[in-house]
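S.K.: Structure file work16.cif (mmCIF, C-alpha atoms) right here:
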data_model
loop_
_atom_site.group_PDB
_atom_site.id
_atom_site.type_symbol
_atom_site.label_atom_id
_atom_site.label_comp_id
_atom_site.auth_asym_id
_atom_site.auth_seq_id
_atom_site.Cartn_x
_atom_site.Cartn_y
_atom_site.Cartn_z
ATOM 1 C CA MET A 1 6.395 -16.876 -8.524
ATOM 2 C CA ILE A 2 4.609 -13.924 -6.939
ATOM 3 C CA LEU A 3 2.552 -15.165 -3.987
ATOM 4 C CA LEU A 4 1.572 -11.680 -2.808
ATOM 5 C CA ASP A 5 1.168 -8.989 -5.443
ATOM 6 C CA ARG A 6 1.777 -5.359 -4.641
ATOM 7 C CA GLN A 7 -1.400 -3.371 -3.997
ATOM 8 C CA GLU A 8 -2.376 0.085 -2.849
ATOM 9 C CA SER A 9 -2.761 0.195 0.925
ATOM 10 C CA GLU A 10 -6.059 1.077 2.596
ATOM 11 C CA GLU A 11 -4.470 4.330 3.800
ATOM 12 C CA HIS A 12 -3.553 5.134 0.186
ATOM 13 C CA LYS A 13 -7.163 4.629 -0.908
ATOM 14 C CA ILE A 14 -8.556 6.649 2.008
ATOM 15 C CA LEU A 15 -6.296 9.606 1.260
ATOM 16 C CA GLU A 16 -7.239 9.534 -2.427
ATOM 17 C CA ALA A 17 -10.912 9.620 -1.453
ATOM 18 C CA LEU A 18 -10.307 12.448 1.022
ATOM 19 C CA VAL A 19 -8.462 14.605 -1.504
ATOM 20 C CA ARG A 20 -11.366 14.062 -3.917
ATOM 21 C CA ARG A 21 -13.994 14.997 -1.340
ATOM 22 C CA LEU A 22 -12.488 17.895 0.578
ATOM 23 C CA THR A 23 -12.452 21.447 -0.708
ATOM 24 C CA SER A 24 -8.986 22.911 -1.242
ATOM 25 C CA THR A 25 -9.811 25.499 1.459
ATOM 26 C CA HIS A 26 -10.473 22.840 4.131
ATOM 27 C CA THR A 27 -8.111 23.233 7.098
ATOM 28 C CA ASP A 28 -6.702 19.701 6.712
ATOM 29 C CA TYR A 29 -6.663 19.503 2.913
ATOM 30 C CA MET A 30 -2.962 20.325 2.401
ATOM 31 C CA ASN A 31 -1.987 17.923 5.183
ATOM 32 C CA TYR A 32 -3.829 15.040 3.492
ATOM 33 C CA PHE A 33 -2.619 16.145 0.064
ATOM 34 C CA GLU A 34 1.022 16.033 1.218
ATOM 35 C CA LYS A 35 0.544 12.620 2.842
ATOM 36 C CA LEU A 36 -0.976 11.305 -0.372
ATOM 37 C CA ARG A 37 1.905 12.748 -2.412
ATOM 38 C CA ARG A 38 4.432 10.889 -0.234
ATOM 39 C CA ILE A 39 2.487 7.627 -0.445
ATOM 40 C CA HIS A 40 2.160 8.001 -4.229
ATOM 41 C CA ALA A 41 5.924 8.503 -4.477
ATOM 42 C CA GLY A 42 6.637 5.480 -2.290
ATOM 43 C CA PHE A 43 4.298 3.239 -4.270
ATOM 44 C CA ALA A 44 5.817 4.412 -7.564
ATOM 45 C CA GLY A 45 9.268 3.600 -6.198
ATOM 46 C CA GLU A 46 8.169 0.106 -5.236
ATOM 47 C CA GLN A 47 6.779 -0.444 -8.732
ATOM 48 C CA ARG A 48 10.080 0.775 -10.214
ATOM 49 C CA VAL A 49 11.971 -1.863 -8.221
ATOM 50 C CA ASP A 50 9.388 -4.534 -9.147
ATOM 51 C CA ALA A 51 10.155 -3.851 -12.817
ATOM 52 C CA GLU A 52 13.873 -4.394 -12.202
ATOM 53 C CA TRP A 53 13.276 -8.019 -11.212
ATOM 54 C CA LEU A 54 12.132 -8.780 -14.769
ATOM 55 C CA GLU A 55 15.753 -8.656 -15.959
ATOM 56 C CA ILE A 56 17.226 -10.648 -13.064
ATOM 57 C CA ILE A 57 17.739 -14.390 -13.483
ATOM 58 C CA LEU A 58 16.574 -16.229 -10.380
ATOM 59 C CA PRO A 59 16.827 -19.898 -9.413
ATOM 60 C CA GLN A 60 13.775 -22.118 -9.381
ATOM 61 C CA PRO A 61 11.773 -22.238 -7.289
ATOM 62 C CA HIS A 62 11.559 -18.724 -5.876
ATOM 63 C CA TYR A 63 8.731 -16.774 -4.293
ATOM 64 C CA PHE A 64 7.961 -13.076 -3.880
ATOM 65 C CA LEU A 65 5.878 -11.504 -1.148
ATOM 66 C CA ASN A 66 5.316 -7.819 -1.900
ATOM 67 C CA GLY A 67 3.935 -5.463 0.716
ATOM 68 C CA LEU A 68 3.613 -8.082 3.456
ATOM 69 C CA GLN A 69 1.949 -6.652 6.569
ATOM 70 C CA ILE A 70 2.100 -8.648 9.777
ATOM 71 C CA LEU A 71 1.251 -8.052 13.419
ATOM 72 C CA ASN A 72 3.920 -9.688 15.587
ATOM 73 C CA HIS A 73 3.465 -11.184 19.057
ATOM 74 C CA PHE A 74 4.467 -7.856 20.669
ATOM 75 C CA GLY A 75 1.478 -6.190 19.009
ATOM 76 C CA THR A 76 3.636 -4.096 16.685
ATOM 77 C CA THR A 77 3.661 -4.299 12.911
ATOM 78 C CA HIS A 78 6.070 -5.317 10.166
ATOM 79 C CA GLN A 79 5.412 -3.740 6.776
ATOM 80 C CA ILE A 80 7.924 -5.312 4.419
ATOM 81 C CA ASP A 81 8.230 -3.917 0.906
ATOM 82 C CA THR A 82 9.659 -7.057 -0.740
ATOM 83 C CA ILE A 83 10.659 -10.537 0.387
ATOM 84 C CA LEU A 84 12.453 -12.894 -1.993
ATOM 85 C CA LEU A 85 12.558 -16.515 -0.860
ATOM 86 C CA CYS A 86 14.712 -18.975 -2.765
ATOM 87 C CA PRO A 87 16.355 -22.321 -1.882
ATOM 88 C CA GLN A 88 19.705 -20.693 -1.031
ATOM 89 C CA PHE A 89 18.752 -17.545 0.921
ATOM 90 C CA ILE A 90 16.060 -15.014 1.800
ATOM 91 C CA LEU A 91 16.404 -11.358 0.854
ATOM 92 C CA ILE A 92 14.372 -8.565 2.492
ATOM 93 C CA LEU A 93 14.159 -5.197 0.758
ATOM 94 C CA GLU A 94 13.228 -1.804 2.132
ATOM 95 C CA ILE A 95 12.471 0.491 -0.826
ATOM 96 C CA LYS A 96 12.887 4.261 -0.591
ATOM 97 C CA ASN A 97 11.893 6.793 -3.225
ATOM 98 C CA VAL A 98 13.672 9.817 -1.748
ATOM 99 C CA THR A 99 15.924 12.518 -3.153
ATOM 100 C CA GLY A 100 18.764 14.527 -1.666
ATOM 101 C CA PHE A 101 22.067 13.812 0.065
ATOM 102 C CA LEU A 102 21.756 10.905 2.506
ATOM 103 C CA ASP A 103 24.106 10.739 5.466
ATOM 104 C CA PHE A 104 24.514 8.562 8.551
ATOM 105 C CA ASP A 105 26.190 9.640 11.778
ATOM 106 C CA GLU A 106 27.038 6.410 13.586
ATOM 107 C CA SER A 107 28.046 8.123 16.848
ATOM 108 C CA PHE A 108 24.528 9.573 17.195
ATOM 109 C CA ASN A 109 22.812 6.776 15.299
ATOM 110 C CA GLN A 110 21.262 9.499 13.157
ATOM 111 C CA PHE A 111 20.140 9.267 9.528
ATOM 112 C CA THR A 112 19.665 12.590 7.721
ATOM 113 C CA ARG A 113 18.696 13.934 4.329
ATOM 114 C CA THR A 114 19.884 17.239 2.879
ATOM 115 C CA LYS A 115 17.511 18.600 0.245
ATOM 116 C CA ALA A 116 18.532 20.489 -2.881
ATOM 117 C CA GLU A 117 17.517 23.744 -1.141
ATOM 118 C CA GLY A 118 19.957 22.975 1.673
ATOM 119 C CA ASP A 119 17.399 22.017 4.320
ATOM 120 C CA VAL A 120 18.483 19.150 6.566
ATOM 121 C CA GLU A 121 15.891 16.787 8.029
ATOM 122 C CA GLY A 122 16.078 13.652 10.120
ATOM 123 C CA MET A 123 14.827 10.347 8.721
ATOM 124 C CA THR A 124 13.906 7.007 10.193
ATOM 125 C CA ASN A 125 16.957 4.854 9.536
ATOM 126 C CA PRO A 126 15.893 2.497 6.689
ATOM 127 C CA LEU A 127 18.799 0.175 7.496
ATOM 128 C CA HIS A 128 17.460 -0.305 11.012
ATOM 129 C CA GLN A 129 13.951 -0.844 9.622
ATOM 130 C CA SER A 130 15.094 -3.639 7.333
ATOM 131 C CA ARG A 131 17.365 -5.142 9.992
ATOM 132 C CA ARG A 132 14.377 -5.308 12.340
ATOM 133 C CA HIS A 133 12.443 -7.201 9.638
ATOM 134 C CA MET A 134 15.401 -9.547 9.183
ATOM 135 C CA GLU A 135 15.539 -10.358 12.900
ATOM 136 C CA TRP A 136 11.815 -11.106 12.887
ATOM 137 C CA MET A 137 12.269 -13.369 9.854
ATOM 138 C CA MET A 138 15.058 -15.270 11.588
ATOM 139 C CA GLY A 139 12.719 -15.858 14.509
ATOM 140 C CA MET A 140 10.056 -17.214 12.145
ATOM 141 C CA LEU A 141 12.584 -19.565 10.571
ATOM 142 C CA GLN A 142 13.635 -20.803 13.997
ATOM 143 C CA GLN A 143 10.000 -21.560 14.856
ATOM 144 C CA SER A 144 9.711 -23.542 11.612
ATOM 145 C CA ARG A 145 13.028 -25.320 12.307
ATOM 146 C CA LEU A 146 14.558 -24.066 9.086
ATOM 147 C CA LYS A 147 18.071 -22.759 8.550
ATOM 148 C CA ILE A 148 18.244 -20.328 5.649
ATOM 149 C CA PRO A 149 20.635 -17.352 5.426
ATOM 150 C CA VAL A 150 18.664 -14.086 5.661
ATOM 151 C CA HIS A 151 19.894 -10.791 4.232
ATOM 152 C CA TYR A 152 18.450 -7.315 4.005
ATOM 153 C CA ALA A 153 19.094 -4.293 1.826
ATOM 154 C CA VAL A 154 17.786 -0.793 1.240
ATOM 155 C CA VAL A 155 17.075 0.015 -2.415
ATOM 156 C CA LEU A 156 16.844 3.617 -3.605
ATOM 157 C CA ALA A 157 14.317 3.897 -6.408
ATOM 158 C CA THR A 158 15.597 7.190 -7.798
ATOM 159 C CA LYS A 159 19.014 8.296 -9.038
ATOM 160 C CA ASN A 160 18.458 11.664 -7.337
ATOM 161 C CA ALA A 161 19.403 10.187 -3.972
ATOM 162 C CA ILE A 162 23.125 10.730 -3.272
ATOM 163 C CA LEU A 163 24.831 8.474 -0.738
ATOM 164 C CA SER A 164 27.548 9.880 1.506
ATOM 165 C CA LYS A 165 30.780 8.023 2.278
ATOM 166 C CA SER A 166 29.402 7.333 5.758
ATOM 167 C CA LEU A 167 27.175 4.670 4.170
ATOM 168 C CA ARG A 168 30.019 2.850 2.432
ATOM 169 C CA GLY A 169 29.908 -0.872 3.175
ATOM 170 C CA GLN A 170 26.245 -0.769 4.199
ATOM 171 C CA PRO A 171 23.624 -2.783 2.210
ATOM 172 C CA ILE A 172 22.152 0.321 0.576
ATOM 173 C CA PHE A 173 22.300 1.043 -3.156
ATOM 174 C CA HIS A 174 20.402 2.404 -6.146
ATOM 175 C CA VAL A 175 17.919 0.202 -7.980
ATOM 176 C CA SER A 176 20.397 -0.359 -10.829
ATOM 177 C CA GLY A 177 22.613 -2.227 -8.359
ATOM 178 C CA LEU A 178 19.939 -4.751 -7.372
ATOM 179 C CA ARG A 179 20.890 -7.328 -10.015
ATOM 180 C CA TYR A 180 24.531 -7.229 -8.950
ATOM 181 C CA HIS A 181 23.650 -7.557 -5.278
ATOM 182 C CA VAL A 182 21.481 -10.602 -6.030
ATOM 183 C CA ARG A 183 24.256 -12.053 -8.211
ATOM 184 C CA GLU A 184 26.738 -11.720 -5.337
ATOM 185 C CA LEU A 185 24.361 -13.559 -3.025
ATOM 186 C CA HIS A 186 24.031 -16.378 -5.561
ATOM 187 C CA GLN A 187 27.796 -16.661 -5.828
ATOM 188 C CA ARG A 188 28.084 -16.712 -2.045
ATOM 189 C CA TYR A 189 25.308 -19.262 -1.483
ATOM 190 C CA LYS A 190 25.507 -21.895 -4.209
ATOM 191 C CA GLU A 191 24.091 -24.856 -2.318
ATOM 192 C CA THR A 192 20.388 -25.491 -1.768
ATOM 193 C CA VAL A 193 19.651 -25.448 1.961
ATOM 194 C CA VAL A 194 15.889 -26.071 1.848
ATOM 195 C CA ASP A 195 13.893 -28.179 -0.576
ATOM 196 C CA GLU A 196 11.046 -26.898 -2.733
ATOM 197 C CA GLU A 197 8.230 -28.284 -0.587
ATOM 198 C CA LYS A 198 9.533 -26.783 2.669
ATOM 199 C CA LEU A 199 10.270 -23.453 1.007
ATOM 200 C CA PHE A 200 6.726 -23.236 -0.353
ATOM 201 C CA GLN A 201 5.261 -24.229 3.013
ATOM 202 C CA PHE A 202 7.220 -21.488 4.755
ATOM 203 C CA ALA A 203 6.277 -18.877 2.132
ATOM 204 C CA SER A 204 2.633 -19.942 2.468
ATOM 205 C CA LYS A 205 2.854 -19.609 6.233
ATOM 206 C CA LEU A 206 4.056 -16.020 5.883
ATOM 207 C CA LEU A 207 1.292 -15.308 3.383
ATOM 208 C CA SER A 208 -1.345 -16.689 5.779
ATOM 209 C CA MET A 209 -0.179 -14.159 8.373
ATOM 210 C CA HIS A 210 -0.672 -11.204 6.034
ATOM 211 C CA MET A 211 -3.140 -8.763 7.572
ATOM 212 C CA PRO A 212 -3.589 -5.423 5.786
ATOM 213 C CA ILE A 213 -3.302 -2.669 8.361
ATOM 214 C CA LYS A 214 -6.254 -0.310 8.618
ATOM 215 C CA ARG A 215 -5.396 3.249 9.552
ATOM 216 C CA GLU A 216 -8.385 5.251 10.697
ATOM 217 C CA ILE A 217 -8.577 8.825 9.418
ATOM 218 C CA ALA A 218 -11.563 10.554 11.010
ATOM 219 C CA VAL A 219 -13.128 13.433 9.085
ATOM 220 C CA PRO A 220 -16.649 14.701 9.909
ATOM 221 C CA VAL A 221 -19.105 13.564 7.245
ATOM 222 C CA GLN A 222 -20.432 17.109 6.962
ATOM 223 C CA ASP A 223 -16.998 18.257 5.744
ATOM 224 C CA LEU A 224 -17.076 15.942 2.729
ATOM 225 C CA ILE A 225 -18.249 16.907 -0.750
ATOM 226 C CA LYS A 226 -21.361 14.828 -1.410
ATOM 227 C CA GLY A 227 -22.653 13.346 -4.628
ATOM 228 C CA VAL A 228 -21.495 11.133 -7.490
ATOM 229 C CA LEU A 229 -18.461 13.042 -8.751
ATOM 230 C CA CYS A 230 -17.537 13.536 -12.394
ATOM 231 C CA GLU A 231 -14.089 12.115 -13.021
ATOM 232 C CA SER A 232 -13.610 14.270 -16.139
ATOM 233 C CA CYS A 233 -14.143 17.597 -14.357
ATOM 234 C CA LEU A 234 -11.816 16.804 -11.413
ATOM 235 C CA ASN A 235 -13.112 19.650 -9.248
ATOM 236 C CA GLY A 236 -15.980 18.231 -7.241
ATOM 237 C CA GLN A 237 -18.548 18.576 -10.012
ATOM 238 C CA THR A 238 -21.468 16.254 -9.234
ATOM 239 C CA MET A 239 -23.287 14.113 -11.782
ATOM 240 C CA ASN A 240 -27.046 13.739 -12.204
ATOM 241 C CA TYR A 241 -28.985 10.506 -12.515
ATOM 242 C CA CYS A 242 -31.521 10.099 -15.276
ATOM 243 C CA TYR A 243 -32.516 6.480 -15.758
ATOM 244 C CA PRO A 244 -30.530 4.525 -16.727
ATOM 245 C CA LYS A 245 -27.353 6.628 -16.662
ATOM 246 C CA TRP A 246 -25.285 9.161 -14.749
ATOM 247 C CA TYR A 247 -24.306 12.272 -16.664
ATOM 248 C CA CYS A 248 -22.458 15.521 -16.005
ATOM 249 C CA GLN A 249 -24.290 18.709 -16.909
ATOM 250 C CA ARG A 250 -21.025 20.625 -17.136
ATOM 251 C CA CYS A 251 -18.996 18.500 -19.558
ATOM 252 C CA GLY A 252 -21.639 16.063 -20.858
ATOM 253 C CA ALA A 253 -19.725 12.971 -19.716
ATOM 254 C CA VAL A 254 -21.691 9.762 -19.170
ATOM 255 C CA ASP A 255 -20.129 7.412 -16.630
ATOM 256 C CA GLN A 256 -21.796 4.182 -15.500
ATOM 257 C CA GLU A 257 -18.887 3.383 -13.162
ATOM 258 C CA ALA A 258 -19.086 6.640 -11.197
ATOM 259 C CA ILE A 259 -21.631 5.267 -8.733
ATOM 260 C CA PHE A 260 -19.313 2.374 -7.837
ATOM 261 C CA ARG A 261 -16.437 4.800 -7.142
ATOM 262 C CA THR A 262 -18.800 6.784 -4.931
ATOM 263 C CA LEU A 263 -19.796 3.619 -3.067
ATOM 264 C CA GLU A 264 -16.109 2.904 -2.438
ATOM 265 C CA ASP A 265 -15.593 6.479 -1.197
ATOM 266 C CA TYR A 266 -18.493 5.949 1.218
ATOM 267 C CA ARG A 267 -16.994 2.685 2.482
ATOM 268 C CA LEU A 268 -13.595 4.280 3.039
ATOM 269 C CA LEU A 269 -14.726 7.543 4.600
ATOM 270 C CA VAL A 270 -18.055 6.778 6.308
ATOM 271 C CA GLY A 271 -18.430 3.051 6.952
ATOM 272 C CA GLU A 272 -19.360 -0.355 5.618
ATOM 273 C CA THR A 273 -23.117 -0.027 6.128
ATOM 274 C CA LEU A 274 -25.660 2.415 4.757
ATOM 275 C CA THR A 275 -29.393 3.017 4.803
ATOM 276 C CA ASN A 276 -31.743 4.488 2.235
ATOM 277 C CA LYS A 277 -31.471 7.810 4.077
ATOM 278 C CA SER A 278 -27.659 7.891 4.289
ATOM 279 C CA PHE A 279 -27.506 6.762 0.659
ATOM 280 C CA CYS A 280 -29.718 9.692 -0.414
ATOM 281 C CA GLU A 281 -27.613 12.135 1.614
ATOM 282 C CA PHE A 282 -24.165 10.992 0.465
ATOM 283 C CA PHE A 283 -25.104 10.314 -3.176
ATOM 284 C CA LYS A 284 -27.316 13.446 -3.336
ATOM 285 C CA ILE A 285 -30.454 11.657 -4.524
ATOM 286 C CA ASP A 286 -33.760 13.418 -3.890
ATOM 287 C CA SER A 287 -36.129 10.467 -4.302
ATOM 288 C CA PRO A 288 -36.121 7.581 -1.751
ATOM 289 C CA ASN A 289 -37.786 5.404 -4.420
ATOM 290 C CA THR A 290 -34.987 6.075 -6.895
ATOM 291 C CA ALA A 291 -32.471 5.396 -4.113
ATOM 292 C CA TYR A 292 -34.146 2.064 -3.326
ATOM 293 C CA LYS A 293 -33.971 0.952 -6.971
ATOM 294 C CA LEU A 294 -30.289 1.899 -7.192
ATOM 295 C CA LEU A 295 -29.490 0.096 -3.948
ATOM 296 C CA GLN A 296 -30.868 -3.125 -5.434
ATOM 297 C CA LYS A 297 -28.359 -2.900 -8.309
ATOM 298 C CA LEU A 298 -25.263 -2.307 -6.185
ATOM 299 C CA PRO A 299 -23.013 -5.017 -4.638
ATOM 300 C CA LEU A 300 -24.682 -4.776 -1.246
ATOM 301 C CA LYS A 301 -25.953 -7.292 1.278
ATOM 302 C CA PRO A 302 -29.335 -6.238 2.744
ATOM 303 C CA GLU A 303 -30.116 -6.825 6.390
ATOM 304 C CA GLY A 304 -33.429 -6.225 8.134
ATOM 305 C CA THR A 305 -36.778 -5.176 6.718
ATOM 306 C CA LYS A 306 -38.565 -1.948 5.813
ATOM 307 C CA ARG A 307 -37.511 1.052 7.932
ATOM 308 C CA ASN A 308 -34.822 -0.877 9.772
ATOM 309 C CA ARG A 309 -33.163 -2.168 6.613
ATOM 310 C CA LYS A 310 -29.478 -1.479 6.173
ATOM 311 C CA TYR A 311 -27.037 -2.543 3.498
ATOM 312 C CA TRP A 312 -23.541 -3.961 3.945
ATOM 313 C CA ILE A 313 -21.003 -2.970 1.311
ATOM 314 C CA GLU A 314 -19.275 -6.046 -0.059
ATOM 315 C CA ASN A 315 -15.568 -5.237 -0.319
#
Let me see the structure of the file written as structure tokens.
M.R.:
Amino acid sequence: MILLDRQESEEHKILEALVRRLTSTHTDYMNYFEKLRRIHAGFAGEQRVDAEWLEIILPQPHYFLNGLQILNHFGTTHQIDTILLCPQFILILEIKNVTGFLDFDESFNQFTRTKAEGDVEGMTNPLHQSRRHMEWMMGMLQQSRLKIPVHYAVVLATKNAILSKSLRGQPIFHVSGLRYHVRELHQRYKETVVDEEKLFQFASKLLSMHMPIKREIAVPVQDLIKGVLCESCLNGQTMNYCYPKWYCQRCGAVDQEAIFRTLEDYRLLVGETLTNKSFCEFFKIDSPNTAYKLLQKLPLKPEGTKRNRKYWIEN
């Protein structure tokens, strides 16, 4: 059973909105574009591993928590790609969608990647990341007075990652090896060590601690492309409103959902409240009366009266 489904992070959504609403000549555009590319790749890798579970036979009951984000008592975060909880053991996965030759120098505690072009770059050690999550999980189990074996592994979502001999014996493998790794754990741990009720209670406790991390990316509002953007044109072309629809003069597209995407862009990039004035400015609407009528139709919570009225965006 999946208790926490995998979702795009808030940072992912913010970067998508930024790339939509910055001109390609903006000084920070390529920086945000590259960040978004990496996040896209990581999310695609996680989805690739999620699909692999469909062919793996698991004992009942079992629970998945995907993309769990937790603030620990030190004030630092744990972002765990996948947690599998079953009656025999717990498995924590760190998923990487990287290419190149991966190497680990134990004497320097250094993890590196050599690209196809020959460039060598340092990487955060994914084994240490997942081990840190495992140690935190063991602490949580101790608090709950449960004794369940906890294991971790790093799963490579693409075949274009080549592992060096220095990583032999480490819990790191390609996605095709996941089923065999899980099978080995089942063979090793055959006895149930926690009953169904306690397992569900513990999984629910972890879920209750989930707190999506918000990463602030500050860009001046004046730098953003304003207006309700045409999704068909994909180049910042704005749409016009003529009751009761939004249409694009360039391609002729009619899109009733475009205003909701624009509202989400506003929430991500500007804030959770707006006024008639800020609505007119961001959505590029000339008439305050037209703006007022549109505001009444959107999922907003009004606060205040007349000139002091503002609207909260319901997420």
S.K.: Step by step: start from the point (-25.9, 20.9, -13.2) in the file's coordinates, keep every protein, DNA or RNA residue that has an atom no farther than 12 Å from it, count only C-alpha atoms, and write the set as a VMD selection string.
M.R.: chain A and resid 227 229 to 230 236 to 241 246 to 253
S.K.: Return as an NGL selection string the set of residues that the PyMOL selection byres ((chain A and resi 214-225) around 6) yields on the displayed structure.
M.R.: :A and (11 or 21-22 or 213 or 226)
S.K.: Find the residue from A:Arg48, A:Lys297, A:Arg6, A:Lys190 that sits nearest to Leu178 of chain A; use only C-alpha atoms when measuring.
M.R.: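 Ranking A:Arg48, A:Lys297, A:Arg6, A:Lys190 by distance to Leu178 of chain A, first place goes to A:Arg48.
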S.K.: Which residues of segment 145-186 of chain A have any atom within 8 Å of an atom in segment 80-96 of chain A when counting all atoms listed in the file, and what is the closest pair of atoms for each, with the distance in Å to one decimal? Order the rows by chain and rising number and write it as JSON lines.
M.R.:
{"residue": "A:Ile148", "atom": "CA", "partner": "A:Phe89", "partner_atom": "CA", "distance": 5.5}
{"residue": "A:Pro149", "atom": "CA", "partner": "A:Phe89", "partner_atom": "CA", "distance": 4.9}
{"residue": "A:Val150", "atom": "CA", "partner": "A:Ile90", "partner_atom": "CA", "distance": 4.7}
{"residue": "A:His151", "atom": "CA", "partner": "A:Leu91", "partner_atom": "CA", "distance": 4.9}
{"residue": "A:Tyr152", "atom": "CA", "partner": "A:Ile92", "partner_atom": "CA", "distance": 4.5}
{"residue": "A:Ala153", "atom": "CA", "partner": "A:Leu93", "partner_atom": "CA", "distance": 5.1}
{"residue": "A:Val154", "atom": "CA", "partner": "A:Glu94", "partner_atom": "CA", "distance": 4.8}
{"residue": "A:Val155", "atom": "CA", "partner": "A:Ile95", "partner_atom": "CA", "distance": 4.9}
{"residue": "A:Leu156", "atom": "CA", "partner": "A:Lys96", "partner_atom": "CA", "distance": 5.0}
{"residue": "A:Ala157", "atom": "CA", "partner": "A:Lys96", "partner_atom": "CA", "distance": 6.0}
{"residue": "A:Leu185", "atom": "CA", "partner": "A:Phe89", "partner_atom": "CA", "distance": 7.9}
{"residue": "A:His186", "atom": "CA", "partner": "A:Gln88", "partner_atom": "CA", "distance": 7.6}
S.K.: Could you tell me which residues the PyMOL selection byres ((chain A and resi 265-276) around 7) grabs in this file, written as a ChimeraX atom specification?
M.R.: /A:14,17,221,261-264,277-280,288,291-292,309-313
S.K.: Those same residues, written as an mmCIF file, keeping the file's coordinate frame with C-alpha atoms?
M.R.:
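As written to disk, again_23.cif reads:
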data_model
loop_
_atom_site.group_PDB
_atom_site.id
_atom_site.type_symbol
_atom_site.label_atom_id
_atom_site.label_comp_id
_atom_site.auth_asym_id
_atom_site.auth_seq_id
_atom_site.Cartn_x
_atom_site.Cartn_y
_atom_site.Cartn_z
ATOM 1 C CA ILE A 14 -8.556 6.649 2.008
ATOM 2 C CA ALA A 17 -10.912 9.620 -1.453
ATOM 3 C CA VAL A 221 -19.105 13.564 7.245
ATOM 4 C CA ARG A 261 -16.437 4.800 -7.142
ATOM 5 C CA THR A 262 -18.800 6.784 -4.931
ATOM 6 C CA LEU A 263 -19.796 3.619 -3.067
ATOM 7 C CA GLU A 264 -16.109 2.904 -2.438
ATOM 8 C CA LYS A 277 -31.471 7.810 4.077
ATOM 9 C CA SER A 278 -27.659 7.891 4.289
ATOM 10 C CA PHE A 279 -27.506 6.762 0.659
ATOM 11 C CA CYS A 280 -29.718 9.692 -0.414
ATOM 12 C CA PRO A 288 -36.121 7.581 -1.751
ATOM 13 C CA ALA A 291 -32.471 5.396 -4.113
ATOM 14 C CA TYR A 292 -34.146 2.064 -3.326
ATOM 15 C CA ARG A 309 -33.163 -2.168 6.613
ATOM 16 C CA LYS A 310 -29.478 -1.479 6.173
ATOM 17 C CA TYR A 311 -27.037 -2.543 3.498
ATOM 18 C CA TRP A 312 -23.541 -3.961 3.945
ATOM 19 C CA ILE A 313 -21.003 -2.970 1.311
#
S.K.: Going by the chain IDs and residue numbers used in this file, which residues fall under the PyMOL selection byres ((chain A and resi 208) around 12)? Write them as a list in words.
M.R.: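 Selected by the PyMOL selection byres ((chain A and resi 208) around 12) in this file: Leu3, Leu4, Leu65, Leu68, Gln69, Ile70, Leu71, Gln201, Phe202, Ala203, Ser204, Lys205, Leu206, Leu207, Met209, His210, Met211 and Pro212 of chain A.
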S.K.: Give as an MDAnalysis selection string each residue that has an atom at most 12 Å from (4.4, 5.6, -5.0) in the file, counting only C-alpha atoms.
M.R.: chainID A and resid 6:9 12 35:49 81 95:98 157:158
S.K.: Atom CA of Trp136 of chain A to atom CA of Phe200 of chain A: how many Å, to one decimal?
M.R.: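 Distance between the two atoms: 18.7 Å.
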S.K.: Excluding Pro299 of chain A and its own-chain neighbours fewer than 3 positions away, which residues fall within 9 Å of it when counting only C-alpha atoms? Please give them as a VMD selection string.
M.R.: chain A and resid 260 295 to 296 312 to 315
S.K.: For Ser176 of chain A, which residue among A:Leu102, A:Ile56, A:Met30, A:Leu146 is the nearest when counting all atoms listed in the file?
M.R.: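 Nearest candidate to Ser176 of chain A out of A:Leu102, A:Ile56, A:Met30, A:Leu146: A:Ile56.
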S.K.: Determine, counting only C-alpha atoms, which protein, DNA and RNA residues have an atom within 12 Å of an atom of segment 118-125 of chain A; residues of the same chain fewer than 3 positions away are not included. Present the result as a PDB file with C-alpha atoms, in the coordinates of the input.
M.R.:
ATOM      1  CA  GLU A  94      13.228  -1.804   2.132  1.00  0.00           C
ATOM      2  CA  LYS A  96      12.887   4.261  -0.591  1.00  0.00           C
ATOM      3  CA  VAL A  98      13.672   9.817  -1.748  1.00  0.00           C
ATOM      4  CA  THR A  99      15.924  12.518  -3.153  1.00  0.00           C
ATOM      5  CA  GLY A 100      18.764  14.527  -1.666  1.00  0.00           C
ATOM      6  CA  PHE A 101      22.067  13.812   0.065  1.00  0.00           C
ATOM      7  CA  LEU A 102      21.756  10.905   2.506  1.00  0.00           C
ATOM      8  CA  ASP A 103      24.106  10.739   5.466  1.00  0.00           C
ATOM      9  CA  PHE A 104      24.514   8.562   8.551  1.00  0.00           C
ATOM     10  CA  ASP A 105      26.190   9.640  11.778  1.00  0.00           C
ATOM     11  CA  GLU A 106      27.038   6.410  13.586  1.00  0.00           C
ATOM     12  CA  PHE A 108      24.528   9.573  17.195  1.00  0.00           C
ATOM     13  CA  ASN A 109      22.812   6.776  15.299  1.00  0.00           C
ATOM     14  CA  GLN A 110      21.262   9.499  13.157  1.00  0.00           C
ATOM     15  CA  PHE A 111      20.140   9.267   9.528  1.00  0.00           C
ATOM     16  CA  THR A 112      19.665  12.590   7.721  1.00  0.00           C
ATOM     17  CA  ARG A 113      18.696  13.934   4.329  1.00  0.00           C
ATOM     18  CA  THR A 114      19.884  17.239   2.879  1.00  0.00           C
ATOM     19  CA  LYS A 115      17.511  18.600   0.245  1.00  0.00           C
ATOM     20  CA  HIS A 128      17.460  -0.305  11.012  1.00  0.00           C
ATOM     21  CA  GLN A 129      13.951  -0.844   9.622  1.00  0.00           C
ATOM     22  CA  SER A 130      15.094  -3.639   7.333  1.00  0.00           C
ATOM     23  CA  ARG A 131      17.365  -5.142   9.992  1.00  0.00           C
ATOM     24  CA  ARG A 132      14.377  -5.308  12.340  1.00  0.00           C
ATOM     25  CA  VAL A 154      17.786  -0.793   1.240  1.00  0.00           C
ATOM     26  CA  LEU A 167      27.175   4.670   4.170  1.00  0.00           C
ATOM     27  CA  ILE A 172      22.152   0.321   0.576  1.00  0.00           C
TER      28      ILE A 172
END
